[in-house]
file data_12.txt (compact mmCIF, C-alpha atoms)
# COMPACT_ATOMS: atom_id res chain seq x y z
CA MET A 1 163.16 7.33 -32.16
CA VAL A 2 162.44 9.16 -28.91
CA ASP A 3 166.14 10.07 -28.63
CA LYS A 4 166.01 11.52 -32.15
CA ILE A 5 162.96 13.61 -31.25
CA ARG A 6 164.54 14.71 -27.95
CA LYS A 7 167.60 15.98 -29.87
CA PHE A 8 165.34 17.79 -32.37
CA ILE A 9 163.44 19.45 -29.51
CA ILE A 10 166.68 20.69 -27.95
CA GLU A 11 168.17 21.92 -31.27
CA ASN A 12 165.04 23.91 -32.12
CA GLY A 13 164.15 25.11 -28.63
CA LEU A 14 160.68 23.54 -28.76
CA LEU A 15 160.19 22.93 -25.03
CA GLU A 16 161.15 24.52 -21.74
CA TYR A 17 161.00 22.94 -18.29
CA ARG A 18 157.46 22.96 -16.80
CA ASP A 19 155.78 24.00 -20.05
CA GLY A 20 152.06 23.49 -20.40
CA VAL A 21 151.47 21.73 -23.74
CA VAL A 22 148.21 21.47 -25.67
CA ILE A 23 148.39 18.46 -28.03
CA GLY A 24 146.26 18.16 -31.15
CA ILE A 25 144.92 14.58 -31.17
CA SER A 26 142.86 13.33 -34.10
CA GLY A 27 143.33 9.69 -33.16
CA GLY A 28 145.49 8.93 -36.20
CA ALA A 29 148.95 7.36 -36.08
CA ASP A 30 150.84 10.69 -36.05
CA SER A 31 148.91 12.31 -33.19
CA VAL A 32 148.85 9.11 -31.11
CA CYS A 33 152.63 8.89 -31.55
CA LEU A 34 153.06 12.54 -30.54
CA LEU A 35 150.95 12.03 -27.41
CA ARG A 36 152.93 8.97 -26.34
CA VAL A 37 156.33 10.56 -27.05
CA LEU A 38 155.43 13.64 -24.98
CA ILE A 39 154.27 11.37 -22.15
CA GLU A 40 157.70 9.68 -22.29
CA LEU A 41 159.34 13.12 -22.00
CA GLN A 42 156.85 14.42 -19.42
CA SER A 43 158.87 13.75 -16.27
CA GLU A 44 162.14 14.89 -17.90
CA TYR A 45 160.64 18.28 -18.77
CA GLY A 46 158.02 18.51 -16.00
CA LEU A 47 155.34 18.97 -18.66
CA LYS A 48 151.64 19.62 -18.09
CA LEU A 49 149.83 17.88 -20.97
CA TYR A 50 146.35 18.59 -22.35
CA GLY A 51 144.74 16.86 -25.31
CA VAL A 52 142.51 18.67 -27.83
CA HIS A 53 140.20 16.87 -30.24
CA ILE A 54 138.07 18.60 -32.90
CA ASN A 55 134.94 17.13 -34.51
CA HIS A 56 134.44 18.79 -37.91
CA ASN A 57 130.98 17.21 -38.35
CA ILE A 58 131.86 16.00 -41.83
CA ARG A 59 131.94 12.22 -41.30
CA GLY A 60 128.91 11.56 -39.11
CA GLU A 61 129.19 8.34 -37.06
CA GLU A 62 132.85 7.92 -37.95
CA ALA A 63 133.65 11.30 -36.37
CA LEU A 64 131.83 10.29 -33.19
CA ARG A 65 133.86 7.05 -33.19
CA ASP A 66 137.09 9.09 -33.44
CA GLU A 67 136.06 11.32 -30.54
CA ALA A 68 135.20 8.31 -28.38
CA PHE A 69 138.53 6.67 -29.23
CA VAL A 70 140.53 9.79 -28.30
CA ALA A 71 138.52 10.23 -25.08
CA SER A 72 139.25 6.64 -24.09
CA LEU A 73 142.93 6.94 -25.02
CA CYS A 74 143.44 10.12 -22.98
CA LYS A 75 141.59 8.64 -20.00
CA ASP A 76 143.79 5.53 -20.07
CA LEU A 77 146.95 7.68 -20.29
CA GLY A 78 145.84 10.17 -17.64
CA VAL A 79 145.74 13.18 -19.95
CA GLU A 80 142.98 15.79 -19.66
CA LEU A 81 141.02 16.14 -22.91
CA LEU A 82 139.19 19.18 -24.33
CA CYS A 83 136.76 18.47 -27.18
CA TYR A 84 135.49 21.01 -29.71
CA SER A 85 132.77 20.60 -32.33
CA TYR A 86 132.25 22.79 -35.41
CA ASP A 87 129.80 22.43 -38.29
CA ILE A 88 132.52 22.88 -40.89
CA PRO A 89 130.33 22.29 -44.00
CA ALA A 90 127.93 25.07 -42.91
CA LEU A 91 130.72 27.40 -41.78
CA ALA A 92 132.62 26.88 -45.06
CA LYS A 93 129.57 28.01 -47.06
CA THR A 94 128.96 31.01 -44.80
CA GLU A 95 132.58 32.17 -44.89
CA GLY A 96 133.23 31.39 -48.57
CA LEU A 97 135.95 28.82 -47.89
CA THR A 98 136.57 25.24 -48.96
CA GLU A 99 135.94 22.64 -46.25
CA GLU A 100 139.69 22.01 -46.12
CA GLU A 101 140.46 25.71 -45.52
CA CYS A 102 137.63 26.18 -43.06
CA GLY A 103 138.60 23.07 -41.09
CA ARG A 104 142.14 24.37 -40.74
CA VAL A 105 140.96 27.81 -39.55
CA TYR A 106 138.74 26.33 -36.85
CA ARG A 107 141.29 23.72 -35.75
CA TYR A 108 143.82 26.43 -35.00
CA ARG A 109 141.13 28.50 -33.32
CA ALA A 110 140.38 25.56 -31.02
CA PHE A 111 144.08 25.03 -30.23
CA GLU A 112 144.53 28.71 -29.34
CA GLU A 113 141.39 28.74 -27.21
CA ALA A 114 142.48 25.62 -25.33
CA ALA A 115 145.99 27.01 -24.78
CA GLU A 116 144.54 30.22 -23.37
CA LYS A 117 142.10 28.32 -21.14
CA LYS A 118 144.82 26.09 -19.70
CA GLU A 119 147.51 28.81 -19.75
CA ALA A 120 149.67 26.50 -21.86
CA GLU A 121 152.91 27.82 -23.36
CA ARG A 122 152.96 25.37 -26.29
CA ILE A 123 150.62 23.87 -28.89
CA ALA A 124 152.10 20.58 -30.16
CA LEU A 125 151.05 19.32 -33.61
CA ALA A 126 151.98 16.01 -35.22
CA HIS A 127 153.38 17.05 -38.62
CA ASN A 128 156.23 14.83 -39.79
CA LYS A 129 158.72 14.62 -42.67
CA ASN A 130 156.09 13.21 -45.04
CA ASP A 131 153.77 16.13 -44.27
CA ASN A 132 156.68 18.46 -45.00
CA ALA A 133 157.25 16.78 -48.39
CA GLU A 134 153.54 17.00 -49.25
CA THR A 135 153.46 20.68 -48.27
CA MET A 136 156.49 21.52 -50.41
CA LEU A 137 155.06 19.72 -53.45
CA GLN A 138 151.64 21.30 -53.01
CA ARG A 139 153.15 24.79 -52.84
CA LEU A 140 155.44 24.10 -55.78
CA LEU A 141 152.50 22.98 -57.91
CA ARG A 142 150.57 26.15 -57.06
CA GLY A 143 153.61 28.38 -57.52
CA THR A 144 155.75 29.65 -54.67
CA GLY A 145 159.07 31.21 -53.70
CA LEU A 146 161.86 30.36 -51.28
CA LYS A 147 159.69 30.87 -48.24
CA GLY A 148 157.08 28.38 -49.46
CA LEU A 149 159.75 25.81 -50.35
CA GLY A 150 161.13 26.14 -46.83
CA GLY A 151 158.40 23.69 -45.85
CA ILE A 152 156.78 23.41 -42.42
CA LEU A 153 158.46 25.28 -39.58
CA PRO A 154 159.39 23.35 -36.41
CA LYS A 155 158.29 26.33 -34.32
CA ARG A 156 156.01 29.31 -34.92
CA ASN A 157 154.91 31.36 -31.93
CA LYS A 158 153.27 28.84 -29.56
CA ILE A 159 153.07 26.08 -32.14
CA ILE A 160 155.71 23.32 -32.06
CA ARG A 161 156.11 20.25 -34.26
CA PRO A 162 158.37 17.72 -32.49
CA LEU A 163 157.82 14.96 -35.10
CA LEU A 164 159.16 16.94 -38.09
CA CYS A 165 162.44 15.04 -37.77
CA VAL A 166 160.85 11.60 -38.39
CA THR A 167 159.04 9.94 -41.29
CA ARG A 168 155.63 8.35 -41.27
CA GLY A 169 157.35 4.97 -41.58
CA GLU A 170 159.34 5.61 -38.40
CA ILE A 171 156.13 6.62 -36.61
CA GLU A 172 154.35 3.41 -37.60
CA GLU A 173 157.38 1.37 -36.55
CA TYR A 174 157.41 3.12 -33.15
CA LEU A 175 153.70 2.40 -32.62
CA GLY A 176 153.95 -1.26 -33.56
CA ASP A 177 150.75 -2.89 -32.25
CA ILE A 178 149.52 0.25 -30.47
CA GLU A 179 146.01 1.07 -31.67
CA TYR A 180 145.16 4.15 -33.71
CA ILE A 181 142.41 5.03 -36.19
CA THR A 182 142.31 6.06 -39.85
CA ASP A 183 140.29 9.02 -41.10
CA SER A 184 138.40 7.81 -44.19
CA THR A 185 138.63 11.30 -45.78
CA ASN A 186 142.41 10.83 -45.96
CA LEU A 187 141.77 8.20 -48.64
CA LYS A 188 139.60 10.43 -50.87
CA THR A 189 141.48 11.70 -53.91
CA GLU A 190 139.22 14.71 -54.54
CA TYR A 191 141.43 16.62 -52.09
CA THR A 192 144.71 17.92 -53.61
CA ARG A 193 146.70 17.04 -50.51
CA ASN A 194 145.46 13.44 -50.62
CA ARG A 195 146.32 13.07 -54.31
CA ILE A 196 149.87 14.19 -53.54
CA ARG A 197 150.09 11.71 -50.64
CA LEU A 198 148.41 8.77 -52.40
CA LYS A 199 149.58 9.22 -56.00
CA LEU A 200 152.36 11.75 -56.58
CA LEU A 201 154.74 10.89 -53.72
CA PRO A 202 154.56 7.11 -54.30
CA GLU A 203 155.26 7.65 -58.01
CA LEU A 204 158.23 9.90 -57.23
CA GLU A 205 159.58 7.30 -54.80
CA LYS A 206 159.08 4.48 -57.29
CA SER A 207 160.29 6.13 -60.52
CA PHE A 208 162.69 8.91 -59.46
CA ASN A 209 164.05 8.78 -55.91
CA PRO A 210 163.20 6.19 -53.25
CA ASN A 211 164.41 8.71 -50.63
CA ILE A 212 162.37 11.65 -51.96
CA VAL A 213 160.92 12.49 -48.51
CA GLU A 214 164.40 12.81 -47.00
CA ALA A 215 165.68 14.71 -50.05
CA LEU A 216 162.86 17.23 -49.81
CA TYR A 217 163.44 17.60 -46.08
CA ARG A 218 167.13 18.43 -46.64
CA SER A 219 166.17 20.87 -49.39
CA SER A 220 163.67 22.59 -47.11
CA LEU A 221 166.39 23.17 -44.48
CA ILE A 222 168.75 24.69 -47.07
CA LEU A 223 166.06 26.87 -48.67
CA ARG A 224 164.74 28.03 -45.28
CA ALA A 225 168.22 29.17 -44.21
CA GLU A 226 168.78 31.01 -47.51
CA ASN A 227 165.35 32.63 -47.25
CA GLU A 228 166.11 33.84 -43.73
CA PHE A 229 169.29 35.51 -45.01
CA ILE A 230 167.46 37.23 -47.88
CA GLU A 231 164.68 38.31 -45.49
CA GLU A 232 167.24 39.99 -43.26
CA GLU A 233 168.76 41.81 -46.25
CA SER A 234 165.25 42.80 -47.36
CA ARG A 235 164.49 44.36 -43.99
CA LYS A 236 167.70 46.41 -44.27
CA ALA A 237 166.71 47.52 -47.79
CA TYR A 238 163.22 48.40 -46.56
CA LYS A 239 164.69 50.78 -43.98
CA ARG A 240 166.81 52.40 -46.71
CA VAL A 241 163.87 53.21 -49.00
CA ILE A 242 160.95 53.84 -46.64
CA LEU A 243 159.78 57.44 -46.31
CA GLU A 244 156.66 57.06 -44.18
CA GLU A 245 154.88 54.30 -42.27
CA ARG A 246 151.32 54.67 -41.05
CA LYS A 247 148.49 52.31 -40.21
CA ASP A 248 146.73 52.98 -43.50
CA ARG A 249 149.59 53.77 -45.89
CA ILE A 250 153.28 53.28 -46.67
CA ALA A 251 155.38 55.69 -48.77
CA ILE A 252 158.56 54.52 -50.54
CA ASP A 253 161.25 56.50 -52.36
CA CYS A 254 161.10 55.17 -55.93
CA GLY A 255 164.60 56.40 -56.79
CA ARG A 256 166.18 54.56 -53.87
CA LEU A 257 164.08 51.45 -54.47
CA LYS A 258 165.17 51.22 -58.11
CA GLY A 259 168.78 51.20 -56.91
CA GLU A 260 168.26 47.97 -54.98
CA ASN A 261 168.76 44.43 -56.30
CA ASN A 262 165.67 43.20 -58.17
CA VAL A 263 165.15 40.30 -55.76
CA LEU A 264 165.19 42.70 -52.81
CA ILE A 265 162.81 45.09 -54.59
CA GLY A 266 160.12 42.40 -54.67
CA ARG A 267 160.73 41.49 -51.04
CA VAL A 268 160.61 45.15 -49.95
CA LEU A 269 157.29 45.68 -51.73
CA ARG A 270 155.85 42.60 -50.06
CA LEU A 271 157.05 43.84 -46.65
CA ALA A 272 155.35 47.18 -47.35
CA CYS A 273 152.05 45.51 -48.27
CA LEU A 274 151.82 43.01 -45.41
CA PRO A 275 150.77 45.37 -42.58
CA LEU A 276 148.11 46.89 -44.84
CA THR A 277 146.40 43.64 -45.83
CA LYS A 278 143.33 42.33 -44.09
CA LYS A 279 143.26 38.89 -42.49
CA GLY A 280 143.04 36.19 -45.16
CA GLN A 281 144.25 38.46 -48.00
CA ASP A 282 147.36 37.45 -49.87
CA ILE A 283 149.74 39.58 -51.93
CA GLU A 284 150.57 37.57 -55.04
CA TYR A 285 153.42 37.64 -57.55
CA LYS A 286 151.34 39.63 -60.06
CA HIS A 287 150.68 42.37 -57.46
CA ILE A 288 154.40 42.75 -56.76
CA GLU A 289 155.18 42.95 -60.49
CA ASP A 290 152.44 45.59 -60.95
CA LEU A 291 153.99 47.66 -58.15
CA LYS A 292 157.44 47.37 -59.75
CA ARG A 293 156.06 48.70 -63.05
CA LEU A 294 154.24 51.48 -61.23
CA CYS A 295 157.47 52.51 -59.49
CA ARG A 296 159.30 52.65 -62.84
CA GLY A 297 156.46 54.56 -64.53
CA GLU A 298 155.22 58.14 -64.55
CA ASN A 299 153.89 60.17 -61.64
CA GLY A 300 150.12 60.29 -61.24
CA LYS A 301 149.48 56.63 -62.13
CA LYS A 302 147.37 54.40 -59.89
CA ILE A 303 146.66 50.64 -59.70
CA SER A 304 144.30 48.42 -57.71
CA LEU A 305 145.87 45.55 -55.83
CA ILE A 306 143.75 43.26 -53.65
CA GLU A 307 140.36 44.42 -52.39
CA GLY A 308 140.64 47.73 -50.55
CA LEU A 309 144.34 48.23 -51.31
CA GLU A 310 145.86 50.38 -54.04
CA GLY A 311 149.19 51.71 -55.18
CA ARG A 312 149.98 55.06 -56.80
CA LYS A 313 153.02 57.11 -57.75
CA GLU A 314 153.22 60.78 -56.79
CA PHE A 315 156.27 63.05 -56.84
CA GLY A 316 158.70 60.14 -57.11
CA ARG A 317 157.08 58.32 -54.20
CA LEU A 318 155.32 54.96 -54.35
CA ILE A 319 152.34 55.10 -52.02
CA ILE A 320 150.61 51.88 -51.00
CA GLY A 321 147.47 52.32 -48.94
CA ARG A 322 143.87 51.51 -48.21
CA CYS A 323 141.30 52.90 -50.64
CA GLY A 324 138.89 55.59 -49.51
CA ARG A 325 141.55 57.60 -47.73
CA GLU A 326 141.45 60.60 -50.05
CA ALA A 327 141.33 64.17 -48.79
CA ARG A 328 138.37 64.79 -46.51
CA GLU A 329 136.26 67.92 -46.97
CA TYR A 330 135.57 70.28 -44.08
CA ASP A 331 134.73 73.92 -43.36
CA TYR A 332 135.28 75.44 -39.89
CA GLU A 333 134.42 78.92 -38.64
CA LEU A 334 137.04 80.82 -36.59
CA GLU A 335 136.18 83.33 -33.88
CA LEU A 336 138.40 85.54 -31.73
CA GLU A 337 139.62 84.02 -28.45
CA LYS A 338 138.06 80.65 -29.25
CA GLU A 339 140.35 77.66 -29.92
CA VAL A 340 139.12 75.43 -32.75
CA PHE A 341 140.13 71.80 -33.22
CA ILE A 342 140.37 70.76 -36.89
CA ALA A 343 139.97 67.00 -36.40
CA GLU A 344 140.57 66.09 -40.07
CA ALA A 345 143.91 67.91 -40.12
CA GLY A 346 144.99 67.19 -36.55
CA LEU A 347 145.37 70.91 -35.83
CA LYS A 348 144.37 73.33 -33.10
CA VAL A 349 143.89 76.91 -34.29
CA LEU A 350 143.47 80.07 -32.22
CA LEU A 351 142.83 83.70 -33.18
CA THR A 352 143.65 86.15 -30.37
CA ARG A 353 144.50 89.82 -29.75
CA GLU A 354 147.02 88.79 -27.07
CA LYS A 355 150.54 87.68 -27.91
CA ARG A 356 151.43 84.35 -26.31
CA GLU A 357 154.73 82.76 -25.31
CA GLU A 358 154.92 80.39 -28.25
CA LYS A 359 155.74 81.64 -31.74
CA GLU A 360 152.67 82.61 -33.75
CA TYR A 361 152.05 81.34 -37.28
CA GLY A 362 151.43 84.89 -38.39
CA ILE A 363 149.99 88.30 -37.45
CA LEU A 364 146.92 89.21 -39.47
CA LYS A 365 146.30 92.78 -40.64
CA LYS A 366 143.07 93.90 -38.96
CA GLU A 367 141.95 95.94 -41.95
CA LYS A 368 142.36 93.00 -44.32
CA PHE A 369 140.29 90.45 -42.42
CA LYS A 370 136.56 90.17 -42.14
CA LEU A 371 135.41 88.10 -39.15
CA PRO A 372 134.40 85.35 -38.82
CA LEU A 373 137.23 83.72 -40.75
CA ARG A 374 136.97 80.15 -42.05
CA LEU A 375 139.30 77.21 -42.49
CA ARG A 376 138.38 74.71 -45.16
CA THR A 377 139.68 72.29 -47.75
CA ARG A 378 140.36 73.44 -51.30
CA LEU A 379 137.57 74.03 -53.77
CA PRO A 380 138.04 74.08 -57.56
CA GLY A 381 139.23 77.50 -58.66
CA ASP A 382 140.71 78.57 -55.31
CA LYS A 383 143.54 81.04 -55.82
CA LEU A 384 145.93 82.73 -53.38
CA PRO A 385 146.95 86.38 -53.82
CA ILE A 386 150.68 86.71 -54.54
CA LYS A 387 152.80 89.70 -55.47
CA GLY A 388 151.76 90.64 -58.98
CA GLY A 389 148.79 88.34 -59.28
CA ARG A 390 147.10 85.20 -57.97
CA GLN A 391 148.30 81.57 -57.84
CA ASP A 392 146.16 78.45 -58.19
CA ILE A 393 146.21 76.68 -54.81
CA LYS A 394 146.25 73.29 -56.51
CA LYS A 395 149.57 74.32 -58.06
CA ILE A 396 150.90 75.28 -54.61
CA TYR A 397 150.20 71.75 -53.35
CA SER A 398 151.94 70.31 -56.41
CA GLU A 399 155.00 72.56 -56.05
CA LYS A 400 155.33 71.54 -52.40
CA LYS A 401 154.88 67.89 -53.44
CA ILE A 402 151.94 67.30 -51.12
CA PRO A 403 150.17 64.02 -52.10
CA SER A 404 146.45 64.29 -52.78
CA GLU A 405 145.50 62.27 -49.71
CA GLU A 406 147.57 64.61 -47.49
CA ARG A 407 146.22 67.96 -48.72
CA HIS A 408 143.41 68.14 -46.19
CA LYS A 409 146.13 68.62 -43.55
CA TYR A 410 146.96 72.04 -45.04
CA PRO A 411 143.69 73.99 -44.76
CA ILE A 412 142.94 77.25 -46.55
CA LEU A 413 142.30 80.36 -44.45
CA ILE A 414 139.34 82.24 -45.94
CA SER A 415 138.40 85.87 -45.32
CA GLY A 416 135.08 86.74 -46.91
CA GLU A 417 135.37 85.03 -50.30
CA ASN A 418 139.14 85.30 -50.59
CA ALA A 419 141.92 82.86 -49.71
CA ALA A 420 144.39 84.45 -47.30
CA ALA A 421 146.78 81.53 -46.68
CA VAL A 422 147.37 77.85 -47.16
CA LEU A 423 148.35 77.01 -43.59
CA GLY A 424 151.78 75.45 -43.31
CA LEU A 425 152.63 76.14 -46.95
CA LYS A 426 152.15 79.74 -48.09
CA LYS A 427 150.72 83.08 -46.90
CA GLY A 428 148.71 85.35 -49.16
CA TYR A 429 150.34 88.64 -50.21
CA GLY A 430 149.20 91.65 -48.17
CA PHE A 431 147.26 89.75 -45.47
CA PHE A 432 149.98 89.54 -42.83
CA THR A 433 152.10 92.08 -40.96
CA GLU A 434 155.09 92.21 -38.61
CA ASN A 435 153.35 94.80 -36.42
CA LYS A 436 150.24 94.70 -34.24
CA GLY A 437 147.20 92.78 -35.38
CA ILE A 438 145.38 89.54 -34.73
CA TYR A 439 147.67 86.67 -33.75
CA LEU A 440 147.14 83.32 -35.43
CA TYR A 441 148.44 80.28 -33.54
CA ILE A 442 148.56 76.77 -34.92
CA SER A 443 149.54 73.61 -33.02
CA LEU A 444 149.82 70.04 -34.31
CA VAL A 445 147.75 67.61 -32.24
CA PHE A 446 148.61 64.31 -33.97
call {"tool": "encode", "arguments": {"input": "data_12.txt", "output": "structure tokens"}}
result
Amino acid sequence: MVDKIRKFIIENGLLEYRDGVVIGISGGADSVCLLRVLIELQSEYGLKLYGVHINHNIRGEEALRDEAFVASLCKDLGVELLCYSYDIPALAKTEGLTEEECGRVYRYRAFEEAAEKKEAERIALAHNKNDNAETMLQRLLRGTGLKGLGGILPKRNKIIRPLLCVTRGEIEEYLGDIEYITDSTNLKTEYTRNRIRLKLLPELEKSFNPNIVEALYRSSLILRAENEFIEEESRKAYKRVILEERKDRIAIDCGRLKGENNVLIGRVLRLACLPLTKKGQDIEYKHIEDLKRLCRGENGKKISLIEGLEGRKEFGRLIIGRCGREAREYDYELELEKEVFIAEAGLKVLLTREKREEKEYGILKKEKFKLPLRLRTRLPGDKLPIKGGRQDIKKIYSEKKIPSEERHKYPILISGENAAAVLGLKKGYGFFTENKGIYLYISLVF
């Protein structure tokens, strides 16, 4: 079996010579096997091994027994052990998680902390083919796509899973009479994962396919490869349709997106949402379908996705962003020879009598302007003088296809009570000249 694992490690690039490896050790058969296999490979790879054991404080005396067993095992095998203890029941209530979810979060936190402390390049976990089968079935029962049916990855960042190429039966055969312990919670059927392990998989083996674990493993390899191909095509499609990428929002060309294959459309929308989601949030199938309908629909529509994230369609663009990012109100006073920084718009503005080297935004007619001038965001009813009348400034924004959350970047220049210009978009009729006057300079800061 060790030869099989060695080959798997090489094929998947799980270890490099002289790697430091943190090993998750619960004391069960899988983790004891992993520890012993890595010890067998230690001299071959020049590995530095460190054990990590986590007490979840769920099983009282039994958990203390497990910790003592792992401590004794590591001492006998000459492996340094780091122990962590978390009150998972209390933490689960505080953080609004199930004990299963909370335990997983804190286990991985402990592994990462130990790896950082020991400067280890790898975190080795003892998932095997049976775990892969259970994961696939659990995801299928909840509803999933190709990625979910790809099963457990052999490698993800620092995390490696050298035993994914062997079954639980092979592990038990390898251990023979070597001692390990059994976690009593693994026998409780109130947990979904345990019901799959104890009831569903045995029934599938008995009544449908005695090699179901191997069959699911082969399927996961095929589906993972196909998913990787579609992901690559999705990234190409994303680049074709994206108009703008910022920390708080993404803008997509709806016309281009609708020209893509429907499968890729869903993937592109998910790619757009991912960097905007908070830790622990998940974009679901229904959210993607809602975004597809929004893209096909009329301009001006808006939908709520997960908490704090919304989608809207404006001027043929699908905008996905964090809520509360609408135009910010401001009102700045401008004085001669004094540079003003408009933080909300990312602009620097200067009024001066002296012409500078850079090109001015415009030259103001002295007789038309009443100092001090102001720069502010739009108010209801604001109109800009044009030849033959006045134009609603809201209409100017619409004609220029400026989304509502971007309009604060185009401030209105006010003289007295009158609008003289919408900076960057349109100048008011009769306020500017080509001759001498007051020079208005604008520079973009960010």
call {"tool": "atom_distance", "arguments": {"input": "data_12.txt", "atom1": "CA of Lys286 (chain A)", "atom2": "CA of Leu305 (chain A)"}}
result
9.1 Å
call {"tool": "atom_distance", "arguments": {"input": "data_12.txt", "atom1": "CA of Met136 (chain A)", "atom2": "CA of Gly151 (chain A)"}}
result
5.4 Å
call {"tool": "closest_residue", "arguments": {"input": "data_12.txt", "among": "A:Ser220, A:Ser85, A:Asn261, A:Asn12", "to": "Asn57 (chain A)", "atoms": "only C-alpha atoms"}}
result
A:Ser85
call {"tool": "residues_near_point", "arguments": {"input": "data_12.txt", "point": "(144.8, 68.0, -47.3)", "cutoff": "9 Å", "atoms": "only C-alpha atoms", "output": "CSV table (one decimal) with C-alpha atoms, keeping the file's coordinate frame"}}
result
chain,number,residue,atom,x,y,z
A,326,GLU,CA,141.4,60.6,-50.0
A,327,ALA,CA,141.3,64.2,-48.8
A,328,ARG,CA,138.4,64.8,-46.5
A,329,GLU,CA,136.3,67.9,-47.0
A,344,GLU,CA,140.6,66.1,-40.1
A,345,ALA,CA,143.9,67.9,-40.1
A,377,THR,CA,139.7,72.3,-47.8
A,378,ARG,CA,140.4,73.4,-51.3
A,397,TYR,CA,150.2,71.8,-53.4
A,402,ILE,CA,151.9,67.3,-51.1
A,403,PRO,CA,150.2,64.0,-52.1
A,404,SER,CA,146.4,64.3,-52.8
A,405,GLU,CA,145.5,62.3,-49.7
A,406,GLU,CA,147.6,64.6,-47.5
A,407,ARG,CA,146.2,68.0,-48.7
A,408,HIS,CA,143.4,68.1,-46.2
A,409,LYS,CA,146.1,68.6,-43.6
A,410,TYR,CA,147.0,72.0,-45.0
A,411,PRO,CA,143.7,74.0,-44.8
call {"tool": "atom_distance", "arguments": {"input": "data_12.txt", "atom1": "CA of Phe432 (chain A)", "atom2": "CA of Glu358 (chain A)"}}
result
17.9 Å
call {"tool": "residues_around", "arguments": {"input": "data_12.txt", "residues": "Cys33 (chain A)", "least_positions_apart": "2", "cutoff": "8 Å", "atoms": "all atoms listed in the file", "output": "MDAnalysis selection string"}}
result
chainID A and resid 29:31 35:37 171 174:175
call {"tool": "write_last_selection", "arguments": {"input": "data_12.txt", "atoms": "C-alpha atoms", "output": "compact mmCIF listing (two decimals), keeping the file's coordinate frame"}}
result
# COMPACT_ATOMS: atom_id res chain seq x y z
CA ALA A 29 148.95 7.36 -36.08
CA ASP A 30 150.84 10.69 -36.05
CA SER A 31 148.91 12.31 -33.19
CA LEU A 35 150.95 12.03 -27.41
CA ARG A 36 152.93 8.97 -26.34
CA VAL A 37 156.33 10.56 -27.05
CA ILE A 171 156.13 6.62 -36.61
CA TYR A 174 157.41 3.12 -33.15
CA LEU A 175 153.70 2.40 -32.62
call {"tool": "residues_around", "arguments": {"input": "data_12.txt", "residues": "Glu417 (chain A)", "least_positions_apart": "4", "cutoff": "12 Å", "atoms": "only C-alpha atoms", "output": "list in words"}}
result
Phe369, Lys370, Leu371, Pro372, Leu373, Arg374, Leu375, Arg376, Leu379, Gly381, Asp382, Lys383, Leu384, Ile412 and Leu413 of chain A
call {"tool": "residues_around", "arguments": {"input": "data_12.txt", "residues": "Lys158 (chain A)", "least_positions_apart": "3", "cutoff": "7 Å", "atoms": "all atoms listed in the file", "output": "list in words"}}
result
Glu121, Arg122 and Ile123 of chain A
call {"tool": "residues_around", "arguments": {"input": "data_12.txt", "residues": "Phe431 (chain A)", "least_positions_apart": "6", "cutoff": "10 Å", "atoms": "only C-alpha atoms", "output": "PyMOL selection string"}}
result
chain A and resi 362-369+385+415+419-421
call {"tool": "write_last_selection", "arguments": {"input": "data_12.txt", "atoms": "C-alpha atoms", "output": "PDB file, keeping the file's coordinate frame"}}
result
ATOM      1  CA  GLY A 362     151.430  84.890 -38.390  1.00  0.00           C
ATOM      2  CA  ILE A 363     149.990  88.300 -37.450  1.00  0.00           C
ATOM      3  CA  LEU A 364     146.920  89.210 -39.470  1.00  0.00           C
ATOM      4  CA  LYS A 365     146.300  92.780 -40.640  1.00  0.00           C
ATOM      5  CA  LYS A 366     143.070  93.900 -38.960  1.00  0.00           C
ATOM      6  CA  GLU A 367     141.950  95.940 -41.950  1.00  0.00           C
ATOM      7  CA  LYS A 368     142.360  93.000 -44.320  1.00  0.00           C
ATOM      8  CA  PHE A 369     140.290  90.450 -42.420  1.00  0.00           C
ATOM      9  CA  PRO A 385     146.950  86.380 -53.820  1.00  0.00           C
ATOM     10  CA  SER A 415     138.400  85.870 -45.320  1.00  0.00           C
ATOM     11  CA  ALA A 419     141.920  82.860 -49.710  1.00  0.00           C
ATOM     12  CA  ALA A 420     144.390  84.450 -47.300  1.00  0.00           C
ATOM     13  CA  ALA A 421     146.780  81.530 -46.680  1.00  0.00           C
TER      14      ALA A 421
END
call {"tool": "closest_residue", "arguments": {"input": "data_12.txt", "among": "A:Val105, A:Leu198, A:Ile159, A:Leu15", "to": "Glu44 (chain A)", "atoms": "all atoms listed in the file"}}
result
A:Leu15
